[in-house]
Structures are given as structure tokens and as C-alpha cells.
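*Asks:* Just dropping this structure here.
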Protein chains: 2
Amino acid sequence: MAQPTLAVVGATGSVGSVMLELLSSRRNHWGEIRLVASARSVGKSLTCRGERLDVLPLTAEVFDGVDVAMFDVPDAVSEHWAPIAVSRGATVVDNSSAFRMRPEVPLVVPEVNKDAVKSRPIGIVASANCTTAAMIIAMAPLHDEYGLRELVLASYQSASGAGQLGVDTLHDQLAKVAGDRMLGSRTGNVRQAVGDDLGPFPAPLALNVVPWAGDPADLGWSSEELKLRNESRKILGLPALKVSATCVRVPVVTGHSIAVHAVFAAEVTADGARQALRNAPGVILVDDPESGEFPMPIDAVGTDPSWVGRIRRAMDDPRALSLFITGDNMRKGAALNTVQIAELLATEIAKRST
Amino acid sequence: MAQPTLAVVGATGSVGSVMLELLSSRRNHWGEIRLVASARSVGKSLTCRGERLDVLPLTAEVFDGVDVAMFDVPDAVSEHWAPIAVSRGATVVDNSSAFRMRPEVPLVVPEVNKDAVKSRPIGIVASANCTTAAMIIAMAPLHDEYGLRELVLASYQSASGAGQLGVDTLHDQLAKVAGDRMLGSRTGNVRQAVGDDLGPFPAPLALNVVPWAGDPADLGWSSEELKLRNESRKILGLPALKVSATCVRVPVVTGHSIAVHAVFAAEVTADGARQALRNAPGVILVDDPESGEFPMPIDAVGTDPSWVGRIRRAMDDPRALSLFITGDNMRKGAALNTVQIAELLATEIAKRST
Ligand SMILES: NC(=O)c1ccc[n+]([C@@H]2O[C@H](COP(=O)([O-])OP(=O)(O)OC[C@H]3O[C@@H](n4cnc5c(N)ncnc54)[C@H](OP(=O)(O)O)[C@@H]3O)[C@@H](O)[C@H]2O)c1
Ligand SMILES: NC(=O)c1ccc[n+]([C@@H]2O[C@H](COP(=O)([O-])OP(=O)(O)OC[C@H]3O[C@@H](n4cnc5c(N)ncnc54)[C@H](OP(=O)(O)O)[C@@H]3O)[C@@H](O)[C@H]2O)c1
């Protein structure tokens, strides 16, 4: 039996480059792999599975003979090109937000709802948003145990969530503020030191926190905040789940964190929650604050799981838990989740052809 | 009528130095001012109200003739010395956490409960914790309007909350990580660059967020988290208020922020909340995210008010609001609140003596 052919659309981007690392280090599911990007990248070559591969331009023909196409490109590019890839016979796994909330598109985090990939009426499967993916892996086992009713969320999102430009901007700003020990102690002096180059952010990120990520959505909420609500509901299959999120950018390179207050139908205990999480797929429990063990971006970056800790039962509500979660937004939040979905499809194809 | 005599205990510390700035720039309420610190600081002199003053060592005699003594020193120093100052005839305003929760000590944020200073059975008035003070100024007018029932809080606390050593540590770490554009993109590489010098923090703070501040308290909660609960209840006079807080340190020099989800007895509207906050004492409303207006530490630092914005009614609960608050933890969170209380006492003394 021949192994399936994979296309990686957006192979030159920041999610794409993590994708190539993952394809090179995970158990191989693929025959041919095609690396695709914009016409700007033609002439480049990239390494994947130890082989040097030329980058191909995005055209309809590039999908001929492709079984699975992973899209790690801006929303508008996915929106236009994913249906074309499907029309050429590929199944698409899309990492943008273009298709996530369409009822005919399954939204998948494999540790939580992998069976949802089986029904894909328009040939497209969506991969969850970075903050949602890291969080939902920890919430699903707690939901199974106690019955989730409500989430109150506050995020600590890193610069790389805004792509390579976000990372470069933070490093540039850090170089400007480092060394001047007066910065951050007088109003406006960080603004002055950073200057006008804010990159993709609405304000300086170095020595600051910026309580705004994404685009304006409804009634004062940002698009990032509503993604957390809508995607959590869809992935868990809980259309009435109450969700209030505040999304905040912090001066961290990679690794999104989230402070979670979760209310359940049943009474909870911190030990019961730890027990439910200890063997949960995709979760690593780091919960011993007195020994300095709690989830942090500097440890979670470059790793696959969601790091979960600071588990406490609410003092004033026996049905509520507080916890803190950190995940690598480029991995579980993007490339890893997408490649896991693609591998589910590869397994299905392999079964079908035997 | 002679103006009252003031002692500033801890004048050489980081809160103390902001205190001297405030005493130099606010309307003057004081006759003699005595600057007090440890024996280590004897021989130093500091400027206050344009005058050069010698630092006096902390002794019982230093309080003879003092009307009001402000304490900006570690808990243990307050605990020992505040009663001695009282025995010498002074009224003490203490900025440490030593006395805040004692039933016989009023805990005061003047914008919210200034009348509480009038009853001080043991001669001590406590000033609120930095995060609580900034937050409660915004919550009190909303409580008056809608009746507060529950707070879910996630903080973004700055390095200066851990004193001058915290500030120095963050600057040292920033100097070490700036310039290396690979840092923050691989697990552990920030730890390696920062090295072992963590100062007062349990982990590197540069390019990181640390979900632990204060000391271990009960059942996995930190002392900082319980202060938010206990002090909010006491200041608002709501002993049954439900509070769950997660306290997180972020790489910001000065300015504590807090994401608030507040549940009320009555239905709320975002516009009604804005209206209640627009003229509230000590509050500045910055709530136009599409024009880049939201509360941030780089703007709030060095200013007196609590900056409040990102006001949204919960999508799933007409009685709940989400908002974001930033305040200068060295001012409203410490020196400013303390000096405001001291000024209330000065006014009372002035009235009594006429
Ligand atoms: N960063 C995250 O944390 C994260 C998490 C979850 C989801 N996502 C989503 O993943 C997607 C990619 O994000 P990223 O951070 O990797 O962005 P990026 O670094 O800007 O990379 C964008 C990629 O898309 C390609 N591309 C852009 N326009 C194209 C076009 N017209 N035709 C063909 N290819 C085109 C680029 O190719 P060229 O190099 O040729 O321009 C590049 O490979 C976005 O939808 C993003 O929202 C990102
Ligand atoms: N930083 C904040 O955001 C903040 C906010 C709210 C409340 N607070 C509280 O305010 C207090 C001061 O904090 P800080 O940040 O200013 O600390 P700091 O920078 O370490 O200053 C400590 C001050 O206390 C004096 N001191 C220490 N031990 C003493 C002793 N045995 N006898 C006499 N004086 C002594 C020091 O004098 P020497 O210089 O002579 O050693 C110095 O003036 C603490 O209780 C803190 O928890 C701080």
C-alpha cells in the first residue's frame, strides 16, 4: 500500500517551520510531501525529513494527487484556496479561523474530539485556535468528571501568536529598552524608548501588558475573546457553556498562558482534579508551587503538552476550580494540532486502502 | 494652630521614596516631618518639600511629639514598632500587611471607605494591598450601582511589587536576554541566559510570566491571592463576597493590572458601568479599544488614578461584567493611599484643635 501524499501550504511561515520540524521528528505517515507557499517563495528550498525540498507556488495543480493538505496561511488565503484543494481531491486541515465556526466543518483537538474528523461534508477539517487548544485539553477531562458549566478566562498571550513579525517586534523593542534602568518607572518613557515601530501590536509590548488581541468584534469584545467562547462550546459540544474571556498580550516570545476559573455541575476537589489530569492525554501536571513547580512559558516552549498547575478549589464555591495552563502556541496551538489531525486522516486512508 | 508632626518610617525604601515625592508635590498638611529608617541608614539625608533632612534611626523616642506616623517597612518591623509609636502618642498608618485583617484595625481606601478612619481603637489604621487598592476603587461605584456578589480576578503584577530588589532583578535579566533573538523559542534557554540570580522571584521574570506571588497560604492559594479576597470583603463591608483570584507576576517594572469578572445582584449594562465610573473619585476611564485606548502599565505608571477600561457585559449573564484595571502599585497601591489616609488624620487633628 502506498503512503498518502501530503501538501504543507504555508511551509515558509512561522507555523510552517515548526510543522517541518514536527514532520521530521514524528513517526512518519507520509509518502511524498510537497511544500507550498506564495509565488514570493519560489526558488527557496527547505529541509523536511532530512531531505531538501523546493518550495512550490500555490496553484490548483499543486494539489493533484495530494491526499491531505495542511493550510498554515492567513484566513483569506485559506478561504480562497481550501475549496480548490478539495476540488482537486485533497482533504484539507486548516489552521486559520476561516472555517472553524461553519456548522459543516468539524473543529478538532484530537485529545478531546478526534471522532469528529470522520464527518467532513465539505472535505475540510479545522484546527482550533492556539489559546483554545492548549486550554481545552485540560478542561475536557475535568468536564468528563464534573460537568463543565462556565469558564472565566484571562490570557497571557505571547508575541509569536502574531507571527514572525510579532517575535521580531518584541526582540527589537527589548533591545531598545534593555540597559536603561529608568524605563518603566515614569509614565510614557517606555513609549518614547520604543518609538513608533509597534509591529502587529496596538501598543509597545516590552515592559508592558496589552489588553487587546485580534480585531474588534461585538459589543467591546475582541475576536480572540469570542474565539475562546465559540470554539470551546463547539469542541466540547456544549452550546450553552458560559464563557467570558479577557485576552491580553504579554512580553513573552512563545507560550500562551491562561488563568482559568471553571464552574461545574458537581462538587469538585483539587485532588480529584489532579487525578483526572494526571493521566489525561496531552497534559503534563506541574503543581507544587512551594517547590517552584507551576506552568510557565519558558518551560512549555518547544514541548508538546499543555502544562497545567495551580489547581485550587474555590474558597466560596465547592463547584468551582481555579487553575493555570501554559502551552506552546506554535505547537499544540498550531502546527502540532494540525499535524495530529492530518495523521488521523492518514490512518483512515491507510485503513481504507487495506 | 500648629500643623501636625509627621514621621515617615521606611523613608529610604522604594515606597518611601515615592512617599517623599508625594509629600513634596501635594498640598502641605504638615509641620515638622521626620524621616526614619534602620540604623543602617543613619548618616544619610534625603530631600522632602525642598529641604534636606537627616535620616533618623528607628527608636521609641523618635515618635515623641509625632501626631501621625506612616510605616512603609516590612511586616515584622511594623508589627513590632507600630504599637510603640502609638504608646508614644502617634496615630499609625501602616502600609504593611501586619494589621490589615485585625478586627480592631480599620482597613482604608479613602475613595471607598474614608469614614472608617474615625474608629481606630488601637491607634492603627491599615492601608490596603497594592492590587486590592487599585481594583477596589473601580469596583466600589459599580457595587453602589448594581450590588457586588462575586469577583473572579487574574492579576498581571509588576516587579516593583517585590521592592527595589524586584526592579533591579528585572532590569538585570532584561540586559541578559536582550539581543539574543533565539531566546524564548526553545525550552529552558531563558533559564540558562538568566542564570541563578532570580532575586525575590521563584523563576526568571524576563520573557516569562510567573503564576506565583507572595507566600504559600491555605490549600494551594498564595498569600497575595487571599489578600485580594479578604481585603476586598473588609473594605467593601461584604463578608460573604465570593472572590477567586490568580496572582501572576509579569515582566513589567511598575504598574499592576487585573482582569476582573464581576457578578452583581442586578442586571448591568456596559454603558451604565461606564457612567458610574466616569465621575468616580480616583478613576480614569480609558475604554475605546479601536482607537488603542485601554489601561496599560506604561501609561498608568507615575500617575495617581486607577485606569479602567475594556468594559463588557458578559455574553451569557446579564448580571456580569468583564473589565481591565491598571494602577501604579507604588502610588495608589502604596505611598499614595497611605499619605491620603494620613491627610485625613491631619484634617481631623486640625478640626479638633480649632
Ligand atoms: N502563530 C500562531 O500562534 C498561530 C496559532 C494558530 C493559528 N495560526 C494561524 O496559522 C496561520 C499562519 O500563521 P503564521 O504565524 O505562520 O504566519 P506567517 O509567519 O506570516 O506565515 C504565513 C504563511 O502563509 C504564506 N502565504 C501568505 N500569503 C499567501 C498567498 N497569497 N499564497 C500562498 N501562501 C501565502 C506565506 O508564504 P510566503 O513566505 O511565500 O509569503 C507563509 O508561508 C494563520 O492563519 C494564523 O492565524 C497561527
Ligand atoms: N512595593 C509595593 O508595591 C508595595 C505596595 C504595597 C505595600 N508595600 C509594603 O510597603 C512596605 C515597604 O515596601 P518597599 O517595597 O518600600 O520595601 P523596601 O524598598 O525594601 O524598603 C524597606 C524600608 O524599610 C526600612 N527597614 C527595613 N528594616 C527595618 C528595620 N529593622 N528598622 C527600621 N527600618 C527598616 C528600610 O530602611 P533601610 O533603608 O535603612 O534598610 C527601608 O526604608 C512593605 O511592607 C511592603 O509589603 C509595598
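Letters for chains follow the order of the C-alpha cells (A, B, ...), residue numbers begin at 1 for each chain, and ligand numbers begin at 1 in the order shown.
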Residues at most 12 Å from Ala159 (chain A), counting only C-alpha atoms, excluding those fewer than 4 positions away in the same chain, as a ChimeraX atom specification?
*Replies:* /A:14,163-173,198-201,204-206,209-210,213,248-256,297,328-330 /B:184-185,207-208
*Asks:* With a distance cut-off of 6 Å and only C-alpha atoms, select the neighbouring residues of region 285-296 of chain B, excluding the residue or stretch itself and same-chain residues fewer than 5 positions from it, and output the selection as a count of residues only.
*Replies:* 5
*Asks:* Calculate how many Å separate CA of Gly31 (chain A) from CA of Arg88 (chain A), rounding to one decimal.
*Replies:*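 Those two atoms sit 18.1 Å apart.
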*Asks:* Residues within 6 Å of ligand 2 should be enumerated using only C-alpha atoms and all ligand atoms and returned as an MDAnalysis selection string.
*Replies:* chainID B and resid 10:16 37:38 40:41 58 72:75 77 95:96 129:130 160:164 329:330 333:334
*Asks:* Could those residues be written to a file, using N, CA and C atoms, as an mmCIF file, in the first residue's frame?
*Replies:*
```
data_model
loop_
_atom_site.group_PDB
_atom_site.id
_atom_site.type_symbol
_atom_site.label_atom_id
_atom_site.label_comp_id
_atom_site.auth_asym_id
_atom_site.auth_seq_id
_atom_site.Cartn_x
_atom_site.Cartn_y
_atom_site.Cartn_z
ATOM 1 N N GLY B 10 10.617 54.153 57.162
ATOM 2 C CA GLY B 10 10.922 53.452 55.908
ATOM 3 C C GLY B 10 11.130 54.442 54.769
ATOM 4 N N ALA B 11 11.609 55.645 55.126
ATOM 5 C CA ALA B 11 11.741 56.728 54.136
ATOM 6 C C ALA B 11 12.772 56.393 53.060
ATOM 7 N N THR B 12 13.699 55.488 53.351
ATOM 8 C CA THR B 12 14.761 55.158 52.390
ATOM 9 C C THR B 12 14.358 54.044 51.418
ATOM 10 N N GLY B 13 13.183 53.447 51.628
ATOM 11 C CA GLY B 13 12.789 52.314 50.781
ATOM 12 C C GLY B 13 12.161 52.757 49.480
ATOM 13 N N SER B 14 11.687 51.800 48.680
ATOM 14 C CA SER B 14 11.138 52.202 47.387
ATOM 15 C C SER B 14 9.756 52.843 47.539
ATOM 16 N N VAL B 15 8.929 52.341 48.447
ATOM 17 C CA VAL B 15 7.669 53.045 48.720
ATOM 18 C C VAL B 15 7.995 54.387 49.378
ATOM 19 N N GLY B 16 8.957 54.392 50.293
ATOM 20 C CA GLY B 16 9.352 55.619 50.985
ATOM 21 C C GLY B 16 9.782 56.711 50.024
ATOM 22 N N ALA B 37 14.472 55.455 59.320
ATOM 23 C CA ALA B 37 14.779 54.163 58.692
ATOM 24 C C ALA B 37 15.581 53.330 59.685
ATOM 25 N N SER B 38 16.260 52.285 59.177
ATOM 26 C CA SER B 38 17.019 51.442 60.103
ATOM 27 C C SER B 38 18.328 52.134 60.472
ATOM 28 N N ARG B 40 21.088 51.218 59.702
ATOM 29 C CA ARG B 40 21.946 51.196 58.504
ATOM 30 C C ARG B 40 21.952 52.529 57.760
ATOM 31 N N SER B 41 20.842 53.280 57.852
ATOM 32 C CA SER B 41 20.699 54.498 57.046
ATOM 33 C C SER B 41 21.115 55.760 57.786
ATOM 34 N N LEU B 58 15.310 54.281 63.822
ATOM 35 C CA LEU B 58 14.028 53.884 64.423
ATOM 36 C C LEU B 58 14.237 53.571 65.904
ATOM 37 N N ASP B 72 6.234 52.375 56.202
ATOM 38 C CA ASP B 72 6.442 51.714 54.905
ATOM 39 C C ASP B 72 7.645 50.794 55.039
ATOM 40 N N VAL B 73 7.481 49.780 55.841
ATOM 41 C CA VAL B 73 8.582 48.871 56.210
ATOM 42 C C VAL B 73 8.063 47.438 56.141
ATOM 43 N N PRO B 74 8.946 46.441 56.224
ATOM 44 C CA PRO B 74 8.476 45.051 56.201
ATOM 45 C C PRO B 74 7.493 44.742 57.346
ATOM 46 N N ASP B 75 6.646 43.743 57.125
ATOM 47 C CA ASP B 75 5.618 43.352 58.099
ATOM 48 C C ASP B 75 6.143 43.258 59.534
ATOM 49 N N VAL B 77 8.679 44.546 60.990
ATOM 50 C CA VAL B 77 9.091 45.824 61.579
ATOM 51 C C VAL B 77 7.854 46.602 62.020
ATOM 52 N N ASN B 95 1.374 50.516 56.093
ATOM 53 C CA ASN B 95 1.262 50.053 54.720
ATOM 54 C C ASN B 95 1.634 48.579 54.574
ATOM 55 N N SER B 96 2.062 47.939 55.637
ATOM 56 C CA SER B 96 2.387 46.506 55.555
ATOM 57 C C SER B 96 1.103 45.702 55.723
ATOM 58 N N ASN B 129 -3.528 46.509 50.410
ATOM 59 C CA ASN B 129 -2.581 45.873 49.488
ATOM 60 C C ASN B 129 -2.657 46.530 48.107
ATOM 61 N N CYS B 130 -1.540 46.503 47.368
ATOM 62 C CA CYS B 130 -1.429 47.264 46.117
ATOM 63 C C CYS B 130 -2.469 46.852 45.070
ATOM 64 N N SER B 160 8.118 45.761 40.688
ATOM 65 C CA SER B 160 8.305 46.672 41.823
ATOM 66 C C SER B 160 7.420 46.304 43.002
ATOM 67 N N GLY B 161 6.431 45.464 42.785
ATOM 68 C CA GLY B 161 5.650 44.935 43.908
ATOM 69 C C GLY B 161 6.537 44.147 44.859
ATOM 70 N N ALA B 162 7.696 43.694 44.375
ATOM 71 C CA ALA B 162 8.652 42.988 45.235
ATOM 72 C C ALA B 162 9.791 43.919 45.652
ATOM 73 N N GLY B 163 9.521 45.239 45.695
ATOM 74 C CA GLY B 163 10.511 46.199 46.197
ATOM 75 C C GLY B 163 11.600 46.511 45.173
ATOM 76 N N GLN B 164 12.585 47.310 45.617
ATOM 77 C CA GLN B 164 13.656 47.734 44.715
ATOM 78 C C GLN B 164 14.435 46.533 44.184
ATOM 79 N N ASN B 329 1.340 50.602 41.367
ATOM 80 C CA ASN B 329 1.374 49.922 42.667
ATOM 81 C C ASN B 329 2.215 50.667 43.702
ATOM 82 N N MET B 330 3.082 51.585 43.269
ATOM 83 C CA MET B 330 3.878 52.344 44.231
ATOM 84 C C MET B 330 3.094 53.557 44.718
ATOM 85 N N GLY B 333 -1.305 51.964 45.112
ATOM 86 C CA GLY B 333 -1.118 50.697 45.800
ATOM 87 C C GLY B 333 -0.261 50.792 47.051
ATOM 88 N N ALA B 334 0.303 51.955 47.328
ATOM 89 C CA ALA B 334 1.192 52.033 48.490
ATOM 90 C C ALA B 334 1.270 53.466 49.010
#
```
*Asks:* Contacts of Ala134 (chain A) at 12 Å or less, counting only C-alpha atoms, minus same-chain residues fewer than 3 places along, as a PyMOL selection string?
*Replies:* chain A and resi 109-112+127-131+137-140+155+157+228+232+255-260+281-284+295+300+303-308+324-334+336-337
*Asks:* Keeping only N, CA and C atoms, write the selected residues as a compact mmCIF listing (two decimals), in the first residue's frame.
*Replies:*
```
# COMPACT_ATOMS: atom_id res chain seq x y z
N VAL A 109 -9.69 19.00 18.23
CA VAL A 109 -8.49 18.87 19.06
C VAL A 109 -8.42 17.37 19.37
N PRO A 110 -7.51 16.63 18.74
CA PRO A 110 -7.59 15.16 18.77
C PRO A 110 -7.72 14.54 20.16
N GLU A 111 -7.05 15.10 21.17
CA GLU A 111 -7.16 14.53 22.51
C GLU A 111 -8.60 14.61 23.04
N VAL A 112 -9.40 15.50 22.47
CA VAL A 112 -10.73 15.76 23.01
C VAL A 112 -11.83 15.16 22.13
N SER A 127 -8.60 23.23 12.58
CA SER A 127 -7.78 23.06 13.77
C SER A 127 -8.05 24.27 14.68
N ALA A 128 -8.09 24.03 15.98
CA ALA A 128 -8.54 25.08 16.91
C ALA A 128 -7.52 26.20 17.07
N ASN A 129 -8.02 27.32 17.50
CA ASN A 129 -7.22 28.49 17.87
C ASN A 129 -6.21 28.13 18.96
N CYS A 130 -5.07 28.86 18.98
CA CYS A 130 -3.96 28.48 19.85
C CYS A 130 -4.32 28.47 21.33
N THR A 131 -5.00 29.50 21.82
CA THR A 131 -5.30 29.55 23.25
C THR A 131 -6.35 28.50 23.61
N ILE A 137 -7.68 20.97 26.19
CA ILE A 137 -7.08 19.67 26.53
C ILE A 137 -7.14 19.39 28.02
N ALA A 138 -7.00 20.46 28.80
CA ALA A 138 -7.07 20.29 30.26
C ALA A 138 -8.51 20.32 30.75
N MET A 139 -9.37 21.04 30.05
CA MET A 139 -10.74 21.17 30.53
C MET A 139 -11.58 19.93 30.21
N ALA A 140 -11.25 19.23 29.12
CA ALA A 140 -12.09 18.10 28.71
C ALA A 140 -12.15 17.00 29.79
N SER A 155 -6.12 35.63 29.60
CA SER A 155 -4.96 35.05 28.92
C SER A 155 -3.71 35.91 29.07
N GLN A 157 -0.89 36.06 26.46
CA GLN A 157 -0.52 35.54 25.14
C GLN A 157 0.79 36.13 24.65
N LEU A 228 -12.39 32.08 21.90
CA LEU A 228 -12.31 31.20 23.07
C LEU A 228 -13.70 30.71 23.46
N SER A 232 -14.61 26.78 22.29
CA SER A 232 -14.77 25.88 23.44
C SER A 232 -16.12 25.19 23.39
N GLY A 255 4.57 30.81 23.86
CA GLY A 255 3.93 30.19 25.02
C GLY A 255 2.78 31.04 25.49
N HIS A 256 1.56 30.56 25.24
CA HIS A 256 0.37 31.26 25.72
C HIS A 256 -0.04 30.64 27.06
N SER A 257 -0.36 31.50 28.03
CA SER A 257 -0.85 31.01 29.32
C SER A 257 -2.28 31.51 29.52
N ILE A 258 -2.97 30.84 30.43
CA ILE A 258 -4.35 31.22 30.68
C ILE A 258 -4.73 30.89 32.12
N ALA A 259 -5.28 31.90 32.80
CA ALA A 259 -5.82 31.70 34.14
C ALA A 259 -7.28 31.32 33.97
N VAL A 260 -7.64 30.16 34.50
CA VAL A 260 -8.98 29.60 34.29
C VAL A 260 -9.73 29.54 35.62
N PRO A 281 -4.50 12.63 28.19
CA PRO A 281 -3.62 12.76 27.02
C PRO A 281 -3.28 14.22 26.75
N GLY A 282 -2.00 14.48 26.46
CA GLY A 282 -1.58 15.82 26.09
C GLY A 282 -1.40 16.78 27.25
N VAL A 283 -1.51 16.26 28.48
CA VAL A 283 -1.41 17.14 29.66
C VAL A 283 -0.17 16.76 30.47
N ILE A 284 0.54 17.75 30.98
CA ILE A 284 1.56 17.49 31.99
C ILE A 284 1.20 18.31 33.22
N PRO A 295 3.07 26.04 35.81
CA PRO A 295 3.27 26.15 34.36
C PRO A 295 3.82 27.54 34.00
N ALA A 300 7.42 25.61 28.90
CA ALA A 300 6.50 24.93 27.98
C ALA A 300 6.92 25.09 26.52
N THR A 303 7.76 22.29 23.69
CA THR A 303 7.24 20.99 24.12
C THR A 303 5.81 20.82 23.61
N ASP A 304 5.36 19.55 23.57
CA ASP A 304 4.05 19.27 23.01
C ASP A 304 2.87 19.49 23.96
N PRO A 305 2.96 19.09 25.23
CA PRO A 305 1.74 19.09 26.04
C PRO A 305 1.31 20.46 26.54
N SER A 306 0.09 20.49 27.11
CA SER A 306 -0.37 21.62 27.91
C SER A 306 0.12 21.42 29.33
N TRP A 307 0.77 22.42 29.85
CA TRP A 307 1.27 22.36 31.23
C TRP A 307 0.18 22.93 32.13
N VAL A 308 -0.22 22.15 33.15
CA VAL A 308 -1.34 22.54 33.99
C VAL A 308 -0.92 22.52 35.46
N PHE A 324 -4.11 27.17 36.25
CA PHE A 324 -3.28 27.95 35.33
C PHE A 324 -2.69 26.98 34.31
N ILE A 325 -2.74 27.38 33.03
CA ILE A 325 -2.35 26.49 31.94
C ILE A 325 -1.40 27.23 31.00
N THR A 326 -0.32 26.56 30.58
CA THR A 326 0.56 27.14 29.56
C THR A 326 0.81 26.11 28.46
N GLY A 327 0.74 26.54 27.22
CA GLY A 327 1.06 25.68 26.09
C GLY A 327 1.87 26.43 25.06
N ASP A 328 2.64 25.69 24.26
CA ASP A 328 3.39 26.30 23.16
C ASP A 328 2.41 26.59 22.02
N ASN A 329 2.15 27.87 21.79
CA ASN A 329 1.14 28.25 20.79
C ASN A 329 1.53 27.88 19.37
N MET A 330 2.81 27.63 19.13
CA MET A 330 3.23 27.22 17.79
C MET A 330 3.07 25.71 17.60
N ARG A 331 3.00 24.98 18.71
CA ARG A 331 2.87 23.53 18.63
C ARG A 331 1.42 23.13 18.84
N LYS A 332 1.03 22.85 20.12
CA LYS A 332 -0.36 22.44 20.32
C LYS A 332 -1.31 23.48 19.77
N GLY A 333 -0.92 24.75 19.87
CA GLY A 333 -1.81 25.81 19.40
C GLY A 333 -1.84 25.96 17.90
N ALA A 334 -1.02 25.22 17.17
CA ALA A 334 -1.00 25.43 15.71
C ALA A 334 -0.47 24.18 15.01
N LEU A 336 1.29 21.45 15.81
CA LEU A 336 1.11 20.11 16.36
C LEU A 336 -0.33 19.64 16.20
N ASN A 337 -1.27 20.50 16.56
CA ASN A 337 -2.68 20.08 16.47
C ASN A 337 -3.05 19.75 15.02
```
*Asks:* Out of B:Ile349, B:Ala265, B:Val18, B:Leu344, which residue has the shortest atom-to-atom distance to chain A when counting only C-alpha atoms?
*Replies:*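 With only C-alpha atoms as the atom set, the closest residue is B:Val18.
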*Asks:* Out of A:Val42, A:Val66, A:Leu236, A:Ala314, which residue has the shortest atom-to-atom distance to chain B when counting only C-alpha atoms?
*Replies:*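 Answer, going by the shortest atom-to-atom distance: A:Ala314.
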*Asks:* Please give the complete set of residues from region 192-303 of chain B that DSSP, run on the backbone, assigns to strand (DSSP E), formatted as a list in words.
*Replies:*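 Result set for region 192-303 of chain B (strand (DSSP E)): Lys242, Val243, Ser244, Ala245, Thr246, His256, Ser257, Ile258, Ala259, Val260, His261, Ala262, Val263, Phe264, Val283, Ile284 and Leu285 of chain B.
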*Asks:* Env of Lys118 (chain A): 9 Å cut, atoms = only C-alpha atoms, seq-sep filter 2 positions within chain, self excluded. Answer as a compact mmCIF listing (two decimals) with all heavy atoms, in the first residue's frame.
*Replies:*
```txt
# COMPACT_ATOMS: atom_id res chain seq x y z
N PRO A 106 -15.94 20.18 10.90
CA PRO A 106 -15.59 19.78 12.26
C PRO A 106 -14.41 20.60 12.77
O PRO A 106 -13.49 20.92 12.02
CB PRO A 106 -15.23 18.30 12.12
CG PRO A 106 -14.87 18.10 10.68
CD PRO A 106 -15.63 19.14 9.89
N LYS A 114 -11.51 13.45 18.69
CA LYS A 114 -10.93 13.00 17.43
C LYS A 114 -11.94 12.35 16.50
O LYS A 114 -11.76 12.38 15.28
CB LYS A 114 -9.71 12.11 17.67
CG LYS A 114 -9.95 10.71 18.19
CD LYS A 114 -8.61 9.98 18.12
CE LYS A 114 -8.62 8.56 18.68
NZ LYS A 114 -9.54 8.25 19.75
N ASP A 115 -13.03 11.80 17.04
CA ASP A 115 -14.03 11.18 16.17
C ASP A 115 -14.72 12.18 15.25
O ASP A 115 -15.29 11.80 14.23
CB ASP A 115 -15.08 10.44 16.99
CG ASP A 115 -14.49 9.16 17.58
OD1 ASP A 115 -13.38 8.75 17.13
OD2 ASP A 115 -15.10 8.59 18.50
N ALA A 116 -14.64 13.46 15.62
CA ALA A 116 -15.29 14.48 14.79
C ALA A 116 -14.67 14.57 13.39
O ALA A 116 -15.34 15.01 12.45
CB ALA A 116 -15.24 15.84 15.48
N ARG A 120 -16.94 15.02 7.51
CA ARG A 120 -16.40 16.30 6.99
C ARG A 120 -17.05 16.56 5.64
O ARG A 120 -16.41 16.39 4.58
CB ARG A 120 -14.88 16.25 6.91
CG ARG A 120 -14.32 14.91 6.51
CD ARG A 120 -12.83 14.86 6.40
NE ARG A 120 -12.42 13.71 5.63
CZ ARG A 120 -12.20 12.49 6.11
NH1 ARG A 120 -12.33 12.23 7.41
NH2 ARG A 120 -11.87 11.51 5.29
N LEU A 345 -6.19 11.41 9.59
CA LEU A 345 -6.66 11.19 8.22
C LEU A 345 -5.79 10.17 7.50
O LEU A 345 -6.28 9.31 6.77
CB LEU A 345 -6.69 12.52 7.46
CG LEU A 345 -7.65 13.58 8.02
CD1 LEU A 345 -7.43 14.93 7.34
CD2 LEU A 345 -9.10 13.14 7.85
N GLU A 348 -6.77 6.78 8.57
CA GLU A 348 -8.05 6.42 7.94
C GLU A 348 -7.83 5.99 6.49
O GLU A 348 -8.38 4.98 6.04
CB GLU A 348 -8.98 7.64 8.02
CG GLU A 348 -10.39 7.38 7.53
CD GLU A 348 -11.20 8.69 7.46
OE1 GLU A 348 -11.25 9.41 8.47
OE2 GLU A 348 -11.77 8.96 6.37
```
*Asks:* Give me, please, the distance in Å between CA of Arg274 (chain B) and CA of Leu148 (chain B), quoted to one decimal.
*Replies:*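 Between these atoms lies a distance of 15.8 Å.
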*Asks:* Can you tell me, as an MDAnalysis selection string, which residues in region 134-260 of chain A count as helix (DSSP H, G or I) by DSSP?
*Replies:* chainID A and resid 134:146 159:177 189:194 223:236
*Asks:* With a distance cut-off of 6 Å and only C-alpha atoms, select the neighbouring residues of Val55 (chain A), excluding the residue or stretch itself and same-chain residues fewer than 4 positions from it, and output the selection as a tab-separated table (two decimals) with C-alpha atoms, in the first residue's frame.
*Replies:*
```tsv
chain	number	residue	atom	x	y	z
A	35	LEU	CA	5.95	22.27	0.42
A	36	VAL	CA	3.84	25.14	-0.85
A	42	VAL	CA	9.59	30.16	-5.39
A	44	LYS	CA	13.59	28.64	-1.92
A	45	SER	CA	14.20	25.16	-0.64
```
*Asks:* With only C-alpha atoms as the counted atoms, please give the residues lying no more than 8 Å from region 78-87 of chain B, apart from itself and same-chain residues fewer than 6 positions off, as a PyMOL selection string.
*Replies:* chain B and resi 60+63+69+71+94+96+98-99+122-124
*Asks:* Under the rule that only C-alpha atoms and all ligand atoms are counted, which of A:Ser158, A:Thr47, A:Thr5, A:Asn113 is the nearest residue to ligand 1?
*Replies:* A:Ser158
*Asks:* Tell me which of A:Asn189, A:Ser322, A:Asn279, A:Thr338 sits closest to ligand 1, counting only C-alpha atoms and all ligand atoms.
*Replies:*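 Result for the nearest residue to ligand 1: A:Thr338.
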*Asks:* CA of Gly147 (chain B) to CA of Pro318 (chain B): how many Å, to one decimal?
*Replies:*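 Straight-line distance from CA of Gly147 (chain B) to CA of Pro318 (chain B) works out to 13.4 Å.
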*Asks:* Go through A:Ala342, A:Val92, A:Leu277, A:Ala7 one by one, measure the shortest atom-to-atom distance of each to Leu53 (chain A) using only C-alpha atoms, and give the residue with the smallest value.
*Replies:* A:Ala7
*Asks:* I'd like to know which of A:Met19, A:Val190, A:Val68, A:Ala262 is closest to ligand 1, using only C-alpha atoms and all ligand atoms.
*Replies:*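 Of all the options, A:Met19 lies closest to ligand 1.
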